[in-house]
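This is final-v4.cif (mmCIF, C-alpha atoms).
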data_query
#
loop_
_atom_site.label_atom_id
_atom_site.label_comp_id
_atom_site.auth_asym_id
_atom_site.auth_seq_id
_atom_site.Cartn_x
_atom_site.Cartn_y
_atom_site.Cartn_z
CA MET K 1 0.00 0.00 0.00
CA ARG K 2 1.31 3.46 -0.81
CA GLY K 3 2.08 5.81 2.07
CA LEU K 4 -0.41 8.68 2.38
CA CYS K 5 0.43 11.97 4.07
CA THR K 6 -2.41 14.26 5.06
CA ALA K 7 -2.68 17.51 6.97
CA GLY K 8 -6.39 17.51 7.50
CA ALA K 9 -7.20 19.58 4.38
CA ARG K 10 -7.82 19.26 0.67
CA PRO K 11 -5.05 20.13 -1.78
CA GLY K 12 -5.37 23.35 -3.76
CA ASP K 13 -6.10 23.44 -7.45
CA PRO K 14 -3.08 22.87 -9.70
CA TRP K 15 -1.15 25.87 -11.01
CA PRO K 16 -2.53 26.66 -14.46
CA SER K 17 -0.51 26.34 -17.64
CA THR K 18 0.77 29.40 -19.47
CA ARG K 19 1.28 30.16 -23.12
CA GLU K 20 4.19 32.42 -23.99
CA PRO K 21 3.61 36.19 -24.36
CA ALA K 22 4.04 37.89 -27.72
CA ALA K 23 7.48 38.51 -29.18
CA PRO K 24 9.17 41.74 -28.05
CA GLU K 25 8.67 43.47 -31.40
CA GLN K 26 4.92 43.11 -30.76
CA GLN K 27 5.18 44.50 -27.25
CA ALA K 28 5.03 48.10 -26.16
CA SER K 29 8.33 49.91 -26.59
CA ALA K 30 8.17 51.40 -23.11
CA GLY K 31 6.48 50.82 -19.77
CA TYR K 32 4.70 47.78 -18.48
CA GLU K 33 1.92 47.30 -20.99
CA GLN K 34 2.14 44.57 -23.62
CA ARG K 35 -0.25 45.20 -26.51
CA THR K 36 -0.70 41.58 -27.53
CA LEU K 37 -1.30 39.15 -24.68
CA THR K 38 -1.46 35.40 -25.22
CA VAL K 39 -1.66 33.77 -21.81
CA SER K 40 -4.31 31.31 -20.72
CA LYS K 41 -7.40 32.71 -19.06
CA GLU K 42 -6.70 30.89 -15.80
CA THR K 43 -3.20 32.30 -15.41
CA SER K 44 -4.32 35.75 -16.49
CA THR K 45 -7.10 35.67 -13.89
CA TRP K 46 -4.63 34.73 -11.19
CA LEU K 47 -2.24 37.53 -12.15
CA ASN K 48 -5.06 40.06 -12.30
CA THR K 49 -6.48 39.16 -8.90
CA ASN K 50 -3.48 37.98 -6.84
CA VAL K 51 -0.88 40.51 -8.02
CA LEU K 52 -1.24 44.23 -7.24
CA ILE K 53 0.62 46.85 -9.30
CA GLY K 54 1.11 50.41 -8.08
CA PHE K 55 2.47 53.70 -9.48
CA THR K 56 1.06 52.99 -12.95
CA ASP K 57 0.99 56.75 -13.62
CA LYS K 58 4.79 56.54 -13.54
CA ARG K 59 5.42 53.26 -15.34
CA GLY K 60 2.28 52.16 -17.15
CA ARG K 61 0.35 48.92 -16.87
CA ALA K 62 1.78 45.49 -16.21
CA TRP K 63 2.07 43.28 -19.29
CA HIS K 64 -0.54 40.90 -17.84
CA TYR K 65 -3.21 43.60 -17.50
CA ARG K 66 -6.68 42.38 -18.52
CA ALA K 67 -9.61 44.38 -17.17
CA ASP K 68 -12.08 41.55 -17.84
CA HIS K 69 -10.06 39.18 -15.64
CA GLN K 70 -9.97 41.44 -12.58
CA GLY K 71 -13.42 40.76 -11.23
CA THR K 72 -15.08 43.58 -9.31
CA GLU K 73 -11.89 45.36 -8.29
CA PRO K 74 -8.95 46.48 -10.47
CA ASN K 75 -5.46 45.35 -9.49
CA HIS K 76 -3.70 48.43 -10.90
CA TYR K 77 -3.22 51.62 -8.85
CA PRO K 78 -2.17 54.97 -10.31
CA GLY K 79 -0.25 55.75 -7.11
CA PRO K 80 1.01 53.64 -4.19
CA ILE K 81 -0.91 50.54 -3.12
CA PRO K 82 -2.61 51.12 0.25
CA ILE K 83 -1.30 48.74 2.87
CA THR K 84 -4.90 48.03 3.87
CA ASP K 85 -5.56 46.70 0.35
CA VAL K 86 -2.55 44.38 0.52
CA LYS K 87 -3.75 43.00 3.84
CA ARG K 88 -7.34 42.64 2.66
CA ARG K 89 -6.81 41.36 -0.88
CA LEU K 90 -3.68 39.23 -0.47
CA PHE K 91 -2.89 38.58 3.18
CA GLY K 92 -6.38 38.35 4.68
CA TRP K 93 -5.67 34.79 5.82
CA SER K 94 -2.98 33.05 7.83
CA ALA K 95 -0.86 29.93 7.53
CA GLU K 96 -1.82 27.50 10.26
CA PRO K 97 0.04 24.51 11.71
CA ALA K 98 -1.61 21.13 11.27
CA ARG K 99 -0.91 17.59 12.44
CA VAL K 100 0.39 15.15 9.84
CA PHE K 101 -0.69 11.50 9.59
CA VAL K 102 0.76 8.64 7.57
CA GLU K 103 -1.35 5.73 6.37
CA ASP K 104 0.35 2.50 5.26
CA ARG K 105 0.12 -1.23 5.95
CA PHE K 106 0.55 -0.51 9.66
CA GLY K 107 -2.53 1.68 9.72
CA LEU K 108 -3.05 5.40 10.27
CA ARG K 109 -0.44 6.98 12.52
CA LEU K 110 0.56 10.44 13.65
CA ALA K 111 3.85 11.64 12.16
CA GLU K 112 5.07 13.12 15.44
CA HIS K 113 8.05 15.04 14.07
CA HIS K 114 6.34 16.65 11.11
CA LEU K 115 4.32 19.83 10.69
CA GLY K 116 1.67 20.55 8.09
CA VAL K 117 0.96 24.10 6.93
CA THR K 118 -2.59 24.89 5.81
CA THR K 119 -4.56 28.02 4.93
CA SER K 120 -6.97 29.42 7.50
CA ASP K 121 -9.67 30.34 4.98
CA THR K 122 -9.86 27.28 2.71
CA GLY K 123 -7.81 24.60 4.46
CA ASP K 124 -5.57 24.11 1.42
CA ILE K 125 -2.34 22.26 2.17
CA LEU K 126 0.65 24.50 1.51
CA ALA K 127 3.43 22.15 2.64
CA ILE K 128 4.61 19.46 5.03
CA HIS K 129 7.83 20.09 6.98
CA THR K 130 9.71 18.73 9.95
CA ASP K 131 8.64 20.11 13.31
CA GLU K 132 11.70 22.40 13.32
CA TYR K 133 10.03 24.57 10.69
CA GLY K 134 8.85 28.03 11.69
CA ILE K 135 5.91 29.66 9.93
CA HIS K 136 6.56 33.24 8.81
CA GLN K 137 3.22 34.96 8.36
CA TYR K 138 3.20 37.19 5.28
CA GLY K 139 1.56 40.12 7.03
CA THR K 140 4.22 40.19 9.73
CA TRP K 141 7.31 39.45 7.67
CA LEU K 142 6.45 41.33 4.46
CA LEU K 143 4.53 44.32 5.85
CA ASP K 144 5.24 44.91 9.54
CA ASN K 145 8.97 44.15 9.35
CA VAL K 146 9.43 46.20 6.19
CA ALA K 147 7.65 49.17 7.76
CA ALA K 148 10.07 48.95 10.68
CA LEU K 149 13.08 48.86 8.32
CA LEU K 150 12.28 51.87 6.17
CA ASP K 151 11.94 55.63 6.33
CA ASP K 152 8.94 57.73 5.38
CA GLY K 153 8.51 58.63 1.72
CA LEU K 154 8.49 55.03 0.54
CA ALA K 155 5.34 53.16 -0.44
CA ILE K 156 4.22 49.79 -1.77
CA GLY K 157 4.77 49.53 -5.53
CA SER K 158 3.80 45.91 -6.06
CA ALA K 159 2.73 42.86 -4.09
CA GLY K 160 1.60 39.40 -5.03
CA LEU K 161 1.03 35.74 -4.35
CA LEU K 162 2.49 32.92 -6.45
CA ARG K 163 2.35 29.13 -6.55
CA GLU K 164 -1.10 28.87 -5.00
CA ARG K 165 -0.13 31.30 -2.20
CA LYS K 166 2.97 29.30 -1.30
CA GLN K 167 5.16 32.30 -2.18
CA ALA K 168 4.60 36.02 -1.69
CA TRP K 169 6.38 39.33 -2.13
CA VAL K 170 6.01 43.03 -1.39
CA SER K 171 8.06 45.72 -3.15
CA VAL K 172 8.54 49.09 -1.48
CA GLU K 173 9.53 51.92 -3.83
CA VAL K 174 10.21 55.61 -4.16
CA ALA K 175 7.40 57.69 -5.65
CA ASP K 176 9.20 59.00 -8.74
CA ASN K 177 11.20 57.38 -11.52
CA ILE K 178 14.88 58.25 -11.77
CA THR K 179 16.52 58.89 -15.15
CA THR K 180 20.29 58.84 -15.61
CA PRO K 181 22.06 61.24 -18.01
CA GLU K 182 22.43 58.22 -20.33
CA GLY K 183 18.66 57.94 -20.65
CA VAL K 184 18.15 54.88 -18.43
CA GLU K 185 14.93 55.23 -16.41
CA PHE K 186 14.61 53.09 -13.31
CA ARG K 187 12.90 52.64 -9.95
CA PRO K 188 14.89 51.56 -6.86
CA ASN K 189 13.03 49.33 -4.42
CA LEU K 190 13.32 47.02 -1.47
CA LEU K 191 11.93 43.59 -2.23
CA ALA K 192 10.63 41.50 0.66
CA CYS K 193 9.64 37.91 -0.06
CA SER K 194 8.86 34.70 1.78
CA SER K 195 7.20 31.31 1.37
CA HIS K 196 5.26 28.63 3.22
CA ASP K 197 6.55 25.65 1.23
CA GLY K 198 10.25 26.00 2.06
CA SER K 199 11.16 27.28 -1.41
CA LEU K 200 12.26 30.70 -0.10
CA LYS K 201 13.79 32.04 3.04
CA SER K 202 12.30 35.31 4.24
CA ARG K 203 14.46 37.74 2.25
CA TYR K 204 14.89 41.50 2.12
CA LYS K 205 16.95 42.72 -0.82
CA ARG K 206 17.72 45.90 -2.76
CA VAL K 207 16.81 45.66 -6.43
CA VAL K 208 16.07 47.96 -9.37
CA THR K 209 13.21 47.93 -11.90
CA ASN K 210 14.17 49.14 -15.38
CA VAL K 211 11.08 51.09 -16.44
CA VAL K 212 11.50 50.78 -20.22
CA CYS K 213 11.05 47.01 -20.17
CA ASP K 214 9.72 46.11 -16.71
CA ASN K 215 12.94 44.19 -16.03
CA THR K 216 14.31 43.66 -12.56
CA MET K 217 18.06 44.18 -12.49
CA ASN K 218 20.85 43.60 -10.00
CA ILE K 219 23.85 44.91 -11.89
CA GLY K 220 26.00 47.16 -9.69
CA LEU K 221 24.31 46.03 -6.49
CA ARG K 222 26.93 43.79 -4.96
CA GLU K 223 25.85 40.68 -3.12
CA ASP K 224 27.54 41.60 0.16
CA GLY K 225 25.35 43.83 2.27
CA GLN K 226 22.49 43.98 -0.21
CA GLU K 227 20.36 41.16 1.17
CA VAL K 228 19.20 39.84 4.53
CA ALA K 229 17.76 36.33 4.74
CA VAL K 230 16.11 34.55 7.68
CA VAL K 231 15.56 30.79 7.61
CA HIS K 232 12.22 29.27 8.62
CA LYS K 233 13.10 27.89 12.03
CA ARG K 234 11.14 27.80 15.22
CA ASN K 235 11.54 31.07 17.12
CA SER K 236 13.38 32.72 14.22
CA ALA K 237 13.22 36.51 14.20
CA LEU K 238 14.52 39.40 12.13
CA GLN K 239 17.11 41.53 13.90
CA LEU K 240 15.81 44.88 12.67
CA LEU K 241 18.84 47.00 13.56
CA SER K 242 21.39 44.72 11.89
CA ALA K 243 19.10 44.28 8.88
CA ARG K 244 18.71 48.03 8.49
CA GLU K 245 22.48 48.53 8.62
CA ALA K 246 23.07 45.79 6.06
CA LEU K 247 20.44 47.06 3.62
CA GLN K 248 21.12 50.76 4.28
CA ILE K 249 18.29 52.85 2.77
CA VAL K 250 16.45 52.25 -0.48
CA HIS K 251 17.30 55.78 -1.62
CA THR K 252 21.01 54.89 -1.77
CA ILE K 253 20.35 52.37 -4.53
CA ALA K 254 19.89 55.23 -7.00
CA ASP K 255 23.46 56.45 -6.70
CA ASP K 256 24.90 52.93 -6.85
CA PHE K 257 22.88 51.94 -9.89
CA ALA K 258 23.39 55.23 -11.75
CA ALA K 259 27.15 54.94 -11.27
CA GLU K 260 27.16 51.43 -12.72
CA VAL K 261 25.01 52.52 -15.67
CA LYS K 262 27.41 55.39 -16.39
CA LYS K 263 30.43 53.10 -16.29
CA LEU K 264 28.82 50.56 -18.62
CA CYS K 265 27.56 53.23 -21.03
CA GLN K 266 31.12 54.55 -21.26
CA THR K 267 32.39 51.06 -22.10
CA THR K 268 32.68 50.71 -25.89
CA VAL K 269 31.59 47.40 -27.38
CA THR K 270 32.50 47.08 -31.05
CA ASP K 271 30.89 44.57 -33.40
CA ARG K 272 33.98 42.42 -32.95
CA VAL K 273 33.63 42.53 -29.15
CA TRP K 274 29.91 41.72 -29.41
CA LYS K 275 30.67 38.60 -31.44
CA ALA K 276 33.36 37.57 -28.95
CA PHE K 277 30.88 38.13 -26.11
CA LEU K 278 28.33 35.87 -27.82
CA ASP K 279 31.00 33.18 -28.26
CA ALA K 280 31.80 33.35 -24.54
CA HIS K 281 28.25 33.78 -23.25
CA THR K 282 26.46 31.38 -25.61
CA PRO K 283 28.96 29.14 -27.43
CA ILE K 284 27.78 26.96 -30.31
CA PRO K 285 28.33 23.23 -29.56
CA GLU K 286 30.33 21.39 -32.21
CA GLN K 287 27.96 18.44 -32.40
CA PRO K 288 24.64 18.94 -34.20
CA GLY K 289 21.44 18.50 -32.20
CA ARG K 290 19.03 20.35 -29.96
CA GLY K 291 21.76 22.05 -27.95
CA ARG K 292 23.30 23.54 -31.08
CA THR K 293 19.92 24.67 -32.39
CA ASN K 294 18.98 26.26 -29.06
CA ALA K 295 22.31 28.10 -28.85
CA ALA K 296 21.95 29.42 -32.40
CA ASN K 297 18.39 30.61 -31.69
CA LYS K 298 19.49 32.33 -28.49
CA ARG K 299 22.36 34.12 -30.24
CA SER K 300 20.00 35.23 -32.99
CA ALA K 301 17.52 36.59 -30.44
CA LEU K 302 20.24 38.43 -28.51
CA THR K 303 21.57 39.99 -31.70
CA ARG K 304 18.08 41.11 -32.73
CA LEU K 305 17.61 42.77 -29.35
CA TRP K 306 21.06 44.34 -29.65
CA THR K 307 20.46 45.81 -33.09
CA SER K 308 16.77 46.62 -33.42
CA ASP K 309 14.77 46.35 -30.18
CA SER K 310 13.90 49.70 -28.61
CA ARG K 311 14.55 48.36 -25.11
CA VAL K 312 18.18 47.63 -25.98
CA SER K 313 19.30 49.18 -29.26
CA PRO K 314 19.55 52.80 -27.98
CA TRP K 315 22.58 51.56 -26.01
CA LYS K 316 24.06 49.41 -28.79
CA ASN K 317 27.88 49.29 -28.81
CA THR K 318 28.05 49.92 -25.06
CA GLY K 319 28.48 47.66 -22.08
CA TRP K 320 25.04 48.69 -20.83
CA GLY K 321 23.54 47.47 -24.10
CA VAL K 322 25.15 44.06 -23.56
CA VAL K 323 23.75 43.68 -20.04
CA GLN K 324 20.36 44.99 -21.13
CA ALA K 325 20.20 42.53 -24.05
CA VAL K 326 20.94 39.55 -21.81
CA ASN K 327 18.53 40.69 -19.09
CA THR K 328 15.71 41.46 -21.54
CA HIS K 329 16.14 38.10 -23.28
CA LEU K 330 15.91 36.25 -19.96
CA HIS K 331 12.81 38.19 -18.89
CA HIS K 332 10.84 38.13 -22.12
CA GLU K 333 12.15 35.52 -24.56
CA ALA K 334 14.05 32.70 -22.88
CA VAL K 335 12.33 29.31 -22.98
CA ILE K 336 10.21 28.70 -19.88
CA ARG K 337 9.25 25.20 -18.76
CA GLY K 338 7.08 24.11 -15.86
CA ALA K 339 5.72 27.57 -15.00
CA GLY K 340 4.31 30.75 -16.47
CA ARG K 341 6.74 33.48 -17.48
CA ALA K 342 5.52 35.96 -14.85
CA GLU K 343 5.85 33.35 -12.10
CA ARG K 344 9.29 32.24 -13.26
CA ASN K 345 10.59 35.81 -13.58
CA MET K 346 9.44 36.75 -10.11
CA THR K 347 10.80 33.54 -8.61
CA ARG K 348 14.18 34.26 -10.21
CA VAL K 349 14.20 37.68 -8.59
CA MET K 350 13.26 36.34 -5.15
CA THR K 351 15.81 33.51 -5.18
CA GLY K 352 18.62 35.73 -6.47
CA GLU K 353 19.01 33.78 -9.71
CA LEU K 354 18.31 36.83 -11.84
CA GLY K 355 20.98 38.90 -10.12
CA LYS K 356 23.53 36.17 -10.75
CA HIS K 357 22.67 36.25 -14.48
CA ASP K 358 23.26 40.01 -14.59
CA ARG K 359 26.56 39.79 -12.76
CA THR K 360 27.71 36.86 -14.87
CA ALA K 361 26.97 38.75 -18.09
CA ALA K 362 28.92 41.77 -16.87
CA ALA K 363 31.84 39.60 -15.74
CA THR K 364 31.92 37.80 -19.11
CA LEU K 365 31.99 41.13 -20.94
CA HIS K 366 34.91 42.38 -18.84
CA LYS K 367 36.87 39.20 -19.60
CA VAL K 368 36.18 39.54 -23.31
CA LEU K 369 37.24 43.21 -23.32
CA ALA K 370 40.50 42.29 -21.61
CA ALA K 371 41.21 39.56 -24.18
CA VAL K 372 40.39 41.23 -27.50
#
Could you spell out this file's structure in structure tokens?
Amino acid sequence: MRGLCTAGARPGDPWPSTREPAAPEQQASAGYEQRTLTVSKETSTWLNTNVLIGFTDKRGRAWHYRADHQGTEPNHYPGPIPITDVKRRLFGWSAEPARVFVEDRFGLRLAEHHLGVTTSDTGDILAIHTDEYGIHQYGTWLLDNVAALLDDGLAIGSAGLLRERKQAWVSVEVADNITTPEGVEFRPNLLACSSHDGSLKSRYKRVVTNVVCDNTMNIGLREDGQEVAVVHKRNSALQLLSAREALQIVHTIADDFAAEVKKLCQTTVTDRVWKAFLDAHTPIPEQPGRGRTNAANKRSALTRLWTSDSRVSPWKNTGWGVVQAVNTHLHHEAVIRGAGRAERNMTRVMTGELGKHDRTAAATLHKVLAAV
């Protein structure tokens, strides 16, 4: 007989499948809004009811915007998102501990050293952990703790639930966009995220949103001192003073990011260097097959972004153009399997994977420049 683990609740509905969004040349050249949207109705409904987008007067609509999928209440806000709306619309429930039982040929028994996590409103099972696991309630860790970390003048710019409420984030931002002398428009923010399924620690990290393409970027924001993470353990707590010192203030991101943009825009990348970068970043395998085809397609897409896409081409032949091409490709064109693009992009941001891609691209470019 197969073992059966239960936590006294029904499982949630499966995460819906997603079709890929339209190609970049069919998307809006600036801001959030994508003119042609080809995602399934189920995923679009989730994004339009479980993700809240603020400051749309400054950056436009999110690419997933569909008014007919938002029910009785829009999920876009022209200004900051009221904290009361985040609590009511996203965090108006709690994660509750539950006993776990195992049923096998020896009968039904209590799994004494395990802890189930269920939702207070529907009883959905979020996860099963060992009894050392500590539940971090979203309202406390993503709203109360963030409010204690930050100064006045910052407000919620986005918030959302992913993976059937197993993951969540809140982004706190400045009110106005910042534009560098090189024409790069961005929004600095503090991203707070957590999970109930063990997929994420409770993290607080400084990141940047590139307004022209809705890309999250980490270039120039070094790993050391830019993130605080707390593991889900019993009695775990955020040390607010040390966290504040490590993260500094969101406003300081602007100077750091602008300096990195300036340095990269002043870095000349000739056509020869671009080709050498492609060879280092996405080499073509010698043997024919899927790997060779995928590499060739990726190089072609990167070159198209580099030469003719309005989100990248204004900075062609610069180091910033290289980083922007790689980041935009990953956000909007890279092959996605096992999840929707919006979910995968946000998960990459929360886990730090996206920042590693940015830093790797910049490091590869510097190596190429030193060699050619």
Subject >> Using all atoms listed in the file: which of K:Trp169, K:Trp93, K:Trp141, K:Phe106 has the shortest distance to K:Val51 >> reply: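 Using all atoms listed in the file, K:Val51 sits closest to K:Trp169.
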Go through the shown structure with the PyMOL selection byres ((chain K and resi 130-136) around 12) and write out the matching residues as a PDB file with C-alpha atoms, keeping the file's coordinate frame.
ATOM      1  CA  SER K  94      -2.980  33.050   7.830  1.00  0.00           C
ATOM      2  CA  ALA K  95      -0.860  29.930   7.530  1.00  0.00           C
ATOM      3  CA  GLU K  96      -1.820  27.500  10.260  1.00  0.00           C
ATOM      4  CA  PRO K  97       0.040  24.510  11.710  1.00  0.00           C
ATOM      5  CA  ALA K  98      -1.610  21.130  11.270  1.00  0.00           C
ATOM      6  CA  ARG K  99      -0.910  17.590  12.440  1.00  0.00           C
ATOM      7  CA  VAL K 100       0.390  15.150   9.840  1.00  0.00           C
ATOM      8  CA  ALA K 111       3.850  11.640  12.160  1.00  0.00           C
ATOM      9  CA  GLU K 112       5.070  13.120  15.440  1.00  0.00           C
ATOM     10  CA  HIS K 113       8.050  15.040  14.070  1.00  0.00           C
ATOM     11  CA  HIS K 114       6.340  16.650  11.110  1.00  0.00           C
ATOM     12  CA  LEU K 115       4.320  19.830  10.690  1.00  0.00           C
ATOM     13  CA  GLY K 116       1.670  20.550   8.090  1.00  0.00           C
ATOM     14  CA  VAL K 117       0.960  24.100   6.930  1.00  0.00           C
ATOM     15  CA  THR K 118      -2.590  24.890   5.810  1.00  0.00           C
ATOM     16  CA  THR K 119      -4.560  28.020   4.930  1.00  0.00           C
ATOM     17  CA  LEU K 126       0.650  24.500   1.510  1.00  0.00           C
ATOM     18  CA  ALA K 127       3.430  22.150   2.640  1.00  0.00           C
ATOM     19  CA  ILE K 128       4.610  19.460   5.030  1.00  0.00           C
ATOM     20  CA  HIS K 129       7.830  20.090   6.980  1.00  0.00           C
ATOM     21  CA  GLN K 137       3.220  34.960   8.360  1.00  0.00           C
ATOM     22  CA  TYR K 138       3.200  37.190   5.280  1.00  0.00           C
ATOM     23  CA  GLY K 139       1.560  40.120   7.030  1.00  0.00           C
ATOM     24  CA  THR K 140       4.220  40.190   9.730  1.00  0.00           C
ATOM     25  CA  TRP K 141       7.310  39.450   7.670  1.00  0.00           C
ATOM     26  CA  LEU K 142       6.450  41.330   4.460  1.00  0.00           C
ATOM     27  CA  LEU K 143       4.530  44.320   5.850  1.00  0.00           C
ATOM     28  CA  ASP K 144       5.240  44.910   9.540  1.00  0.00           C
ATOM     29  CA  ASN K 145       8.970  44.150   9.350  1.00  0.00           C
ATOM     30  CA  LYS K 166       2.970  29.300  -1.300  1.00  0.00           C
ATOM     31  CA  GLN K 167       5.160  32.300  -2.180  1.00  0.00           C
ATOM     32  CA  ALA K 168       4.600  36.020  -1.690  1.00  0.00           C
ATOM     33  CA  CYS K 193       9.640  37.910  -0.060  1.00  0.00           C
ATOM     34  CA  SER K 194       8.860  34.700   1.780  1.00  0.00           C
ATOM     35  CA  SER K 195       7.200  31.310   1.370  1.00  0.00           C
ATOM     36  CA  HIS K 196       5.260  28.630   3.220  1.00  0.00           C
ATOM     37  CA  ASP K 197       6.550  25.650   1.230  1.00  0.00           C
ATOM     38  CA  GLY K 198      10.250  26.000   2.060  1.00  0.00           C
ATOM     39  CA  LEU K 200      12.260  30.700  -0.100  1.00  0.00           C
ATOM     40  CA  LYS K 201      13.790  32.040   3.040  1.00  0.00           C
ATOM     41  CA  SER K 202      12.300  35.310   4.240  1.00  0.00           C
ATOM     42  CA  ARG K 203      14.460  37.740   2.250  1.00  0.00           C
ATOM     43  CA  VAL K 230      16.110  34.550   7.680  1.00  0.00           C
ATOM     44  CA  VAL K 231      15.560  30.790   7.610  1.00  0.00           C
ATOM     45  CA  HIS K 232      12.220  29.270   8.620  1.00  0.00           C
ATOM     46  CA  LYS K 233      13.100  27.890  12.030  1.00  0.00           C
ATOM     47  CA  ARG K 234      11.140  27.800  15.220  1.00  0.00           C
ATOM     48  CA  ASN K 235      11.540  31.070  17.120  1.00  0.00           C
ATOM     49  CA  SER K 236      13.380  32.720  14.220  1.00  0.00           C
ATOM     50  CA  ALA K 237      13.220  36.510  14.200  1.00  0.00           C
ATOM     51  CA  LEU K 238      14.520  39.400  12.130  1.00  0.00           C
TER      52      LEU K 238
END
Would you list the contacts of stretch 349-365 of chain K as an mmCIF file with C-alpha atoms, in the coordinates of the input, taking every protein, DNA or RNA residue within 7 Å and counting all atoms listed in the file, but skipping same-chain residues closer than 3 positions in sequence?
data_model
loop_
_atom_site.group_PDB
_atom_site.id
_atom_site.type_symbol
_atom_site.label_atom_id
_atom_site.label_comp_id
_atom_site.auth_asym_id
_atom_site.auth_seq_id
_atom_site.Cartn_x
_atom_site.Cartn_y
_atom_site.Cartn_z
ATOM 1 C CA CYS K 193 9.640 37.910 -0.060
ATOM 2 C CA LEU K 200 12.260 30.700 -0.100
ATOM 3 C CA MET K 217 18.060 44.180 -12.490
ATOM 4 C CA ASN K 218 20.850 43.600 -10.000
ATOM 5 C CA ILE K 219 23.850 44.910 -11.890
ATOM 6 C CA PHE K 277 30.880 38.130 -26.110
ATOM 7 C CA HIS K 281 28.250 33.780 -23.250
ATOM 8 C CA VAL K 323 23.750 43.680 -20.040
ATOM 9 C CA ASN K 327 18.530 40.690 -19.090
ATOM 10 C CA ASN K 345 10.590 35.810 -13.580
ATOM 11 C CA MET K 346 9.440 36.750 -10.110
ATOM 12 C CA VAL K 368 36.180 39.540 -23.310
ATOM 13 C CA LEU K 369 37.240 43.210 -23.320
#
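Residue neighbourhood of K:Ala159, excluding near-sequence residues (fewer than 2 positions): Asn50, Val51, Leu52, Ile53, Gly54, Ile81, Val86, Leu90, Ile156, Gly157, Leu161, Ala168, Trp169, Val170, Ser171 and Val172 of chain K, at 9 Å, using all atoms listed in the file.
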**OP:** Would you mind telling me which residue in K:Arg244, K:Arg163, K:Arg105, K:Lys316 lies nearest to K:Ala148 when using only C-alpha atoms?
**Re:** K:Arg244
**OP:** Write out as number ranges by chain which residues come within 9 Å of stretch 293-304 of chain K when counting only C-alpha atoms, dropping same-chain ones fewer than 4 positions away.
**Re:** K: 274, 278-279, 282-285, 288-289, 308-309, 313, 322, 325-326, 328-329, 333-334
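The residues that lie within 8 Å of the point (14.4, 41.1, -1.2), counting all atoms listed in the file, are Leu190, Leu191, Ala192, Cys193, Arg203, Tyr204, Lys205, Arg206, Val207, Glu227, Val228 and Met350 of chain K.
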Original post:
From the set K:Ala276, K:Arg187, K:Gln266, K:Ala229, which residue has the shortest atom-to-atom contact distance to K:Ala254, counting all atoms listed in the file?
Top reply: K:Arg187
**OP:** Point out the residue among K:Arg109, K:Arg292, K:His64, K:Lys87 with the least atom-to-atom distance to K:Thr43, counting all atoms listed in the file.
**Re:** K:His64
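Here atom CA of K:Glu164 stands at a distance of 15.4 Å from atom CA of K:Arg341.
For the set K:Val335, K:Leu305, K:Val208, K:Ala175, the residue with the smallest atom-to-atom gap to K:Ala155 is K:Ala175, counting all atoms listed in the file.
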Subject >> Proximity to K:Arg165 - best of K:Tyr65, K:Trp46, K:Phe257, K:Phe101, only C-alpha atoms >> reply: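 Ranked by minimum distance to K:Arg165, first place goes to K:Trp46.
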Original post:
atom CA of K:Lys275 to atom CA of K:Thr307: how many Å, to one decimal?
Top reply: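 So the two atoms, atom CA of K:Lys275 and atom CA of K:Thr307, lie 12.6 Å apart.
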Could you give me the centre and size, in Å to one decimal, of an axis-aligned box around all listed atoms of stretch 324-337 of chain K with 5 Å added on every side, as lines of an AutoDock Vina configuration file?
center_x = 15.1
center_y = 35.1
center_z = -21.7
size_x = 21.7
size_y = 29.8
size_z = 15.8
**OP:** Carefully work through the PyMOL selection byres ((chain K and resi 186) around 6) for this structure and note down the residues it includes, as number ranges by chain.
**Re:** K: 177-178, 185, 187, 209-211
